[in-house]
Amino acid sequence: MAESKYHRVLLKLSGESFCRPGQFGIDGHALESIAERIAEICKIGPQVAVVVGAGNFLRGERFAKTSHIPRNTADYMGMLATIINACALQEVLEKLGQPTRVLSAIEVAAMCEPFIRRRAIRHLEQGRVAILAGGTGNPFFTTDTCAALRASELDVDLLVKATKVEGVYSDDPNKNPDAELFEKLSYDEVLSRNLRIMDHAGISLCRENNIPIVVLNIFEKGYITKALCGERVGTRIVSK
């Protein structure tokens, strides 16, 4: 079996990966598929942390604009939704035999542990997948920014942003068939071209801490494993 080139990695999962395309909530088959991919990469060696989004339930900023709910409250609702996704993922991973802990930036004592950096690192060192929920614990920050923050705090070697497209494109590939798929970009190129694969705050954090990012399609079986083994998959974002 191939071995990971990386000692510790962080996987950023969008909420949409928990449901079927265009649908809402949690789909059992989609959830099991994600869990299987995570269990697979654990077998090739790296310590694995996971940050989950909540787009399958709601996006705080968008929800605030389409309702009478203030952005602060809408964002906290989104944080709670990430805990729903995290606990669902934990249960399926453990049924697959992979030890797991959920750590949240907002306190929900009946369901998960609080996020404490040293505790999270200890879980990783013990071979447990650390599922990080609750975003940063603050409104006005996305789970992309949370992923970059946690990657920096936990000293990871690689941040994998799992999406529903092959990587970073010059334009929306669903609207523009001529959109170019980039194989490699620098942090500065992502920022200067305003490529919206990740929040600028998240990209800047990764640049400051020299954390490489791989953007790939989570629905393509084996892609994450290939990326961790050093194969060219998706788009790699690094310093120049």
# chains A, B, ... in the order shown; residues from 1 in each chain; ligands from 1

$ residues_around --residues "Asp157 in chain A" --least-positions-apart "4" --cutoff "7 Å" --atoms "only C-alpha atoms" --output "ChimeraX atom specification"
/A:6-9,211

$ write_last_selection --atoms "N, CA and C atoms" --output "PDB file, in the first residue's frame"
ATOM      1  N   TYR A   6       2.773  13.038   3.782  1.00  0.00           N
ATOM      2  CA  TYR A   6       2.504  14.058   4.792  1.00  0.00           C
ATOM      3  C   TYR A   6       2.251  13.417   6.153  1.00  0.00           C
ATOM      4  N   HIS A   7       2.752  14.077   7.194  1.00  0.00           N
ATOM      5  CA  HIS A   7       2.596  13.574   8.564  1.00  0.00           C
ATOM      6  C   HIS A   7       1.224  13.937   9.137  1.00  0.00           C
ATOM      7  N   ARG A   8       0.789  15.169   8.882  1.00  0.00           N
ATOM      8  CA  ARG A   8      -0.492  15.633   9.435  1.00  0.00           C
ATOM      9  C   ARG A   8      -1.204  16.482   8.389  1.00  0.00           C
ATOM     10  N   VAL A   9      -2.452  16.162   8.113  1.00  0.00           N
ATOM     11  CA  VAL A   9      -3.204  16.873   7.083  1.00  0.00           C
ATOM     12  C   VAL A   9      -4.541  17.332   7.649  1.00  0.00           C
ATOM     13  N   ILE A 211       1.503  26.893   4.362  1.00  0.00           N
ATOM     14  CA  ILE A 211       0.755  25.636   4.322  1.00  0.00           C
ATOM     15  C   ILE A 211       0.247  25.424   2.898  1.00  0.00           C
TER      16      ILE A 211
END

$ residues_around --residues "range 212-221 of chain A" --least-positions-apart "6" --cutoff "6 Å" --atoms "only C-alpha atoms" --output "list of chain:residue names"
A:Leu158, A:Leu159, A:Val160, A:Lys161, A:Ala162, A:Thr163, A:Lys164, A:Val165, A:Glu166, A:Gly167, A:Gly234, A:Thr235, A:Arg236, A:Ile237, A:Val238

$ write_last_selection --atoms "N, CA and C atoms" --output "PDB file, in the first residue's frame"
ATOM      1  N   LEU A 158      -0.411  19.878   5.077  1.00  0.00           N
ATOM      2  CA  LEU A 158      -1.198  20.062   3.856  1.00  0.00           C
ATOM      3  C   LEU A 158      -2.655  20.311   4.221  1.00  0.00           C
ATOM      4  N   LEU A 159      -3.265  21.278   3.533  1.00  0.00           N
ATOM      5  CA  LEU A 159      -4.704  21.519   3.655  1.00  0.00           C
ATOM      6  C   LEU A 159      -5.358  21.059   2.359  1.00  0.00           C
ATOM      7  N   VAL A 160      -6.289  20.126   2.453  1.00  0.00           N
ATOM      8  CA  VAL A 160      -7.011  19.638   1.283  1.00  0.00           C
ATOM      9  C   VAL A 160      -8.410  20.217   1.310  1.00  0.00           C
ATOM     10  N   LYS A 161      -8.728  21.034   0.322  1.00  0.00           N
ATOM     11  CA  LYS A 161     -10.086  21.576   0.211  1.00  0.00           C
ATOM     12  C   LYS A 161     -10.858  20.697  -0.765  1.00  0.00           C
ATOM     13  N   ALA A 162     -11.785  19.933  -0.231  1.00  0.00           N
ATOM     14  CA  ALA A 162     -12.565  18.985  -1.040  1.00  0.00           C
ATOM     15  C   ALA A 162     -13.813  19.684  -1.566  1.00  0.00           C
ATOM     16  N   THR A 163     -13.968  19.706  -2.891  1.00  0.00           N
ATOM     17  CA  THR A 163     -15.070  20.430  -3.520  1.00  0.00           C
ATOM     18  C   THR A 163     -15.825  19.491  -4.461  1.00  0.00           C
ATOM     19  N   LYS A 164     -16.743  20.085  -5.237  1.00  0.00           N
ATOM     20  CA  LYS A 164     -17.502  19.306  -6.212  1.00  0.00           C
ATOM     21  C   LYS A 164     -16.968  19.526  -7.628  1.00  0.00           C
ATOM     22  N   VAL A 165     -15.858  20.259  -7.765  1.00  0.00           N
ATOM     23  CA  VAL A 165     -15.219  20.452  -9.074  1.00  0.00           C
ATOM     24  C   VAL A 165     -13.790  19.923  -9.017  1.00  0.00           C
ATOM     25  N   GLU A 166     -13.139  19.860 -10.174  1.00  0.00           N
ATOM     26  CA  GLU A 166     -11.830  19.213 -10.279  1.00  0.00           C
ATOM     27  C   GLU A 166     -10.696  19.997  -9.628  1.00  0.00           C
ATOM     28  N   GLY A 167     -10.892  21.294  -9.437  1.00  0.00           N
ATOM     29  CA  GLY A 167      -9.840  22.127  -8.880  1.00  0.00           C
ATOM     30  C   GLY A 167     -10.193  23.582  -9.038  1.00  0.00           C
ATOM     31  N   GLY A 234      -6.068  17.673  -9.033  1.00  0.00           N
ATOM     32  CA  GLY A 234      -6.665  18.966  -8.746  1.00  0.00           C
ATOM     33  C   GLY A 234      -5.689  20.119  -8.957  1.00  0.00           C
ATOM     34  N   THR A 235      -5.801  21.127  -8.106  1.00  0.00           N
ATOM     35  CA  THR A 235      -4.951  22.323  -8.186  1.00  0.00           C
ATOM     36  C   THR A 235      -4.147  22.460  -6.898  1.00  0.00           C
ATOM     37  N   ARG A 236      -2.863  22.702  -7.041  1.00  0.00           N
ATOM     38  CA  ARG A 236      -1.990  22.885  -5.878  1.00  0.00           C
ATOM     39  C   ARG A 236      -1.695  24.371  -5.732  1.00  0.00           C
ATOM     40  N   ILE A 237      -1.881  24.890  -4.516  1.00  0.00           N
ATOM     41  CA  ILE A 237      -1.626  26.304  -4.229  1.00  0.00           C
ATOM     42  C   ILE A 237      -0.480  26.386  -3.223  1.00  0.00           C
ATOM     43  N   VAL A 238       0.605  27.009  -3.659  1.00  0.00           N
ATOM     44  CA  VAL A 238       1.828  27.083  -2.834  1.00  0.00           C
ATOM     45  C   VAL A 238       2.458  28.452  -2.985  1.00  0.00           C
TER      46      VAL A 238
END

$ closest_atom_pairs --of "range 87-111 of chain A" --to "range 130-139 of chain A" --cutoff "6 Å" --atoms "only C-alpha atoms" --output "Markdown table"
| residue | atom | partner | partner_atom | distance |
| --- | --- | --- | --- | --- |
| A:Arg101 | CA | A:Ala130 | CA | 5.1 |
| A:Val102 | CA | A:Ile131 | CA | 4.7 |
| A:Leu103 | CA | A:Leu132 | CA | 5.1 |
| A:Ser104 | CA | A:Ala133 | CA | 4.5 |
| A:Ala105 | CA | A:Gly137 | CA | 4.7 |
| A:Ile106 | CA | A:Gly137 | CA | 5.4 |

$ residues_around --residues "Lys43 in chain A" --least-positions-apart "5" --cutoff "10 Å" --atoms "only C-alpha atoms" --output "list in words"
Met1, Ala2, Glu3, Ser4, Ile38, Gln98 and Thr225 of chain A

$ write_last_selection --atoms "N, CA and C atoms" --output "compact mmCIF listing (two decimals), in the first residue's frame"
# COMPACT_ATOMS: atom_id res chain seq x y z
N MET A 1 0.84 -1.20 0.00
CA MET A 1 0.00 0.00 0.00
C MET A 1 0.88 1.25 0.00
N ALA A 2 0.48 2.26 -0.79
CA ALA A 2 1.22 3.52 -0.84
C ALA A 2 1.16 4.22 0.51
N GLU A 3 2.19 5.03 0.78
CA GLU A 3 2.24 5.76 2.03
C GLU A 3 2.13 7.26 1.77
N SER A 4 1.51 7.94 2.72
CA SER A 4 1.35 9.39 2.61
C SER A 4 2.71 10.09 2.72
N ILE A 38 -12.26 9.06 4.10
CA ILE A 38 -11.44 9.49 5.23
C ILE A 38 -10.77 8.27 5.88
N GLN A 98 -12.86 3.48 12.63
CA GLN A 98 -11.89 4.56 12.75
C GLN A 98 -12.20 5.41 13.99
N THR A 225 -6.43 10.24 -1.69
CA THR A 225 -5.30 9.34 -1.47
C THR A 225 -4.16 9.68 -2.42

$ select_by_dssp --residues "range 29-208 of chain A" --states "alpha helix (DSSP H)" --output "VMD selection string"
chain A and resid 29 to 43 60 to 65 71 to 95 117 to 125 143 to 153 187 to 192 200 to 208

$ write_last_selection --atoms "C-alpha atoms" --output "short mmCIF file (atom, residue, chain, number, x, y, z; two decimals), in the first residue's frame"
data_model
loop_
_atom_site.label_atom_id
_atom_site.label_comp_id
_atom_site.auth_asym_id
_atom_site.auth_seq_id
_atom_site.Cartn_x
_atom_site.Cartn_y
_atom_site.Cartn_z
CA HIS A 29 -25.08 7.26 0.98
CA ALA A 30 -23.17 10.54 0.57
CA LEU A 31 -22.17 10.49 4.24
CA GLU A 32 -20.95 6.91 4.05
CA SER A 33 -18.96 7.70 0.90
CA ILE A 34 -17.16 10.58 2.64
CA ALA A 35 -16.45 8.46 5.72
CA GLU A 36 -14.99 5.68 3.59
CA ARG A 37 -12.62 8.13 1.88
CA ILE A 38 -11.44 9.49 5.23
CA ALA A 39 -10.95 5.98 6.65
CA GLU A 40 -8.91 5.10 3.53
CA ILE A 41 -6.49 7.99 3.95
CA CYS A 42 -6.01 7.16 7.65
CA LYS A 43 -4.68 3.76 6.56
CA GLY A 60 -25.24 32.36 7.52
CA GLU A 61 -24.53 35.30 5.22
CA ARG A 62 -27.02 34.20 2.57
CA PHE A 63 -29.68 33.31 5.14
CA ALA A 64 -29.36 36.71 6.82
CA LYS A 65 -29.96 38.42 3.47
CA ARG A 71 -26.07 38.08 10.43
CA ASN A 72 -24.69 37.36 13.92
CA THR A 73 -27.52 34.98 14.75
CA ALA A 74 -27.54 33.43 11.26
CA ASP A 75 -23.83 32.67 11.53
CA TYR A 76 -24.27 31.02 14.92
CA MET A 77 -27.06 28.91 13.44
CA GLY A 78 -24.61 27.83 10.75
CA MET A 79 -22.07 26.89 13.44
CA LEU A 80 -24.67 24.67 15.10
CA ALA A 81 -25.35 23.04 11.74
CA THR A 82 -21.66 22.13 11.40
CA ILE A 83 -21.97 20.22 14.69
CA ILE A 84 -24.85 18.20 13.22
CA ASN A 85 -22.64 17.26 10.25
CA ALA A 86 -19.65 16.53 12.49
CA CYS A 87 -21.57 14.18 14.79
CA ALA A 88 -23.08 12.34 11.82
CA LEU A 89 -19.63 11.87 10.29
CA GLN A 90 -18.23 10.68 13.61
CA GLU A 91 -20.84 7.94 13.97
CA VAL A 92 -20.23 6.56 10.47
CA LEU A 93 -16.43 6.71 10.81
CA GLU A 94 -16.56 4.79 14.08
CA LYS A 95 -18.79 2.14 12.54
CA ARG A 117 -5.35 22.98 20.62
CA ARG A 118 -3.32 20.65 22.84
CA ARG A 119 -6.25 18.26 23.20
CA ALA A 120 -6.80 18.18 19.43
CA ILE A 121 -3.10 17.43 18.84
CA ARG A 122 -3.21 14.66 21.44
CA HIS A 123 -6.17 13.04 19.68
CA LEU A 124 -4.29 13.21 16.37
CA GLU A 125 -1.20 11.66 17.92
CA THR A 143 -15.48 27.58 7.58
CA ASP A 144 -12.82 28.13 4.89
CA THR A 145 -11.17 30.67 7.16
CA CYS A 146 -11.65 28.22 10.04
CA ALA A 147 -9.86 25.50 8.04
CA ALA A 148 -6.86 27.78 7.44
CA LEU A 149 -6.84 28.84 11.10
CA ARG A 150 -6.99 25.26 12.42
CA ALA A 151 -4.38 24.14 9.88
CA SER A 152 -2.09 26.85 11.23
CA GLU A 153 -2.82 26.03 14.88
CA TYR A 187 -1.11 32.25 -3.01
CA ASP A 188 -0.51 35.68 -4.53
CA GLU A 189 -1.99 34.62 -7.88
CA VAL A 190 -5.16 33.40 -6.18
CA LEU A 191 -5.49 36.74 -4.39
CA SER A 192 -4.58 38.98 -7.33
CA HIS A 200 -8.94 35.72 1.03
CA ALA A 201 -8.46 35.55 4.79
CA GLY A 202 -7.93 31.78 4.55
CA ILE A 203 -5.50 32.06 1.64
CA SER A 204 -3.54 34.76 3.47
CA LEU A 205 -3.29 32.63 6.62
CA CYS A 206 -1.95 29.69 4.63
CA ARG A 207 0.53 31.95 2.88
CA GLU A 208 1.79 33.39 6.17
#

$ select_by_dssp --residues "range 91-190 of chain A" --states "strand (DSSP E or B)" --output "ChimeraX atom specification"
/A:100-104,113-114,129-133,158-163,169,181,184-186

$ decode --residues "range 16-129 of chain A" --atoms "C-alpha atoms" --output "compact mmCIF listing (two decimals), in the first residue's frame"
# COMPACT_ATOMS: atom_id res chain seq x y z
CA GLU A 16 -22.80 20.02 0.19
CA SER A 17 -20.67 16.88 0.28
CA PHE A 18 -23.06 15.50 2.92
CA CYS A 19 -26.02 15.45 0.54
CA ARG A 20 -26.83 14.63 -3.07
CA PRO A 21 -26.20 17.41 -5.63
CA GLY A 22 -28.88 20.08 -5.44
CA GLN A 23 -30.49 18.56 -2.36
CA PHE A 24 -30.63 19.46 1.33
CA GLY A 25 -29.74 17.92 4.69
CA ILE A 26 -27.77 14.69 5.12
CA ASP A 27 -27.95 11.79 2.68
CA GLY A 28 -26.87 8.44 4.13
CA HIS A 29 -25.08 7.26 0.98
CA ALA A 30 -23.17 10.54 0.57
CA LEU A 31 -22.17 10.49 4.24
CA GLU A 32 -20.95 6.91 4.05
CA SER A 33 -18.96 7.70 0.90
CA ILE A 34 -17.16 10.58 2.64
CA ALA A 35 -16.45 8.46 5.72
CA GLU A 36 -14.99 5.68 3.59
CA ARG A 37 -12.62 8.13 1.88
CA ILE A 38 -11.44 9.49 5.23
CA ALA A 39 -10.95 5.98 6.65
CA GLU A 40 -8.91 5.10 3.53
CA ILE A 41 -6.49 7.99 3.95
CA CYS A 42 -6.01 7.16 7.65
CA LYS A 43 -4.68 3.76 6.56
CA ILE A 44 -1.84 5.28 4.54
CA GLY A 45 -0.30 7.01 7.52
CA PRO A 46 -1.18 10.67 8.12
CA GLN A 47 -2.81 12.18 11.16
CA VAL A 48 -6.13 13.56 9.93
CA ALA A 49 -8.14 16.58 11.06
CA VAL A 50 -11.41 17.50 9.34
CA VAL A 51 -13.21 20.84 9.25
CA VAL A 52 -16.86 20.59 8.21
CA GLY A 53 -19.07 23.22 6.61
CA ALA A 54 -22.85 23.49 6.81
CA GLY A 55 -24.02 24.54 3.35
CA ASN A 56 -26.31 21.51 3.25
CA PHE A 57 -28.36 23.22 5.97
CA LEU A 58 -27.76 26.95 5.68
CA ARG A 59 -25.14 29.59 4.95
CA GLY A 60 -25.24 32.36 7.52
CA GLU A 61 -24.53 35.30 5.22
CA ARG A 62 -27.02 34.20 2.57
CA PHE A 63 -29.68 33.31 5.14
CA ALA A 64 -29.36 36.71 6.82
CA LYS A 65 -29.96 38.42 3.47
CA THR A 66 -33.10 36.42 2.71
CA SER A 67 -34.67 36.58 6.18
CA HIS A 68 -35.21 38.99 9.06
CA ILE A 69 -32.52 37.23 11.10
CA PRO A 70 -29.38 39.31 11.83
CA ARG A 71 -26.07 38.08 10.43
CA ASN A 72 -24.69 37.36 13.92
CA THR A 73 -27.52 34.98 14.75
CA ALA A 74 -27.54 33.43 11.26
CA ASP A 75 -23.83 32.67 11.53
CA TYR A 76 -24.27 31.02 14.92
CA MET A 77 -27.06 28.91 13.44
CA GLY A 78 -24.61 27.83 10.75
CA MET A 79 -22.07 26.89 13.44
CA LEU A 80 -24.67 24.67 15.10
CA ALA A 81 -25.35 23.04 11.74
CA THR A 82 -21.66 22.13 11.40
CA ILE A 83 -21.97 20.22 14.69
CA ILE A 84 -24.85 18.20 13.22
CA ASN A 85 -22.64 17.26 10.25
CA ALA A 86 -19.65 16.53 12.49
CA CYS A 87 -21.57 14.18 14.79
CA ALA A 88 -23.08 12.34 11.82
CA LEU A 89 -19.63 11.87 10.29
CA GLN A 90 -18.23 10.68 13.61
CA GLU A 91 -20.84 7.94 13.97
CA VAL A 92 -20.23 6.56 10.47
CA LEU A 93 -16.43 6.71 10.81
CA GLU A 94 -16.56 4.79 14.08
CA LYS A 95 -18.79 2.14 12.54
CA LEU A 96 -16.01 1.72 9.98
CA GLY A 97 -13.58 1.15 12.85
CA GLN A 98 -11.89 4.56 12.75
CA PRO A 99 -11.57 6.22 16.21
CA THR A 100 -12.84 9.78 16.08
CA ARG A 101 -13.43 12.84 18.26
CA VAL A 102 -15.56 15.90 17.60
CA LEU A 103 -14.18 19.17 18.97
CA SER A 104 -16.26 22.32 18.70
CA ALA A 105 -15.42 26.01 18.91
CA ILE A 106 -18.81 26.59 20.54
CA GLU A 107 -19.77 24.59 23.59
CA VAL A 108 -22.31 21.79 23.15
CA ALA A 109 -21.24 19.61 26.08
CA ALA A 110 -23.75 16.80 25.49
CA MET A 111 -22.40 16.09 22.00
CA CYS A 112 -18.75 17.09 21.67
CA GLU A 113 -15.60 18.32 23.34
CA PRO A 114 -14.50 21.97 23.31
CA PHE A 115 -11.75 22.76 20.83
CA ILE A 116 -8.48 23.03 22.75
CA ARG A 117 -5.35 22.98 20.62
CA ARG A 118 -3.32 20.65 22.84
CA ARG A 119 -6.25 18.26 23.20
CA ALA A 120 -6.80 18.18 19.43
CA ILE A 121 -3.10 17.43 18.84
CA ARG A 122 -3.21 14.66 21.44
CA HIS A 123 -6.17 13.04 19.68
CA LEU A 124 -4.29 13.21 16.37
CA GLU A 125 -1.20 11.66 17.92
CA GLN A 126 -3.35 8.84 19.28
CA GLY A 127 -4.56 8.00 15.77
CA ARG A 128 -8.02 9.56 16.10
CA VAL A 129 -9.61 11.68 13.39
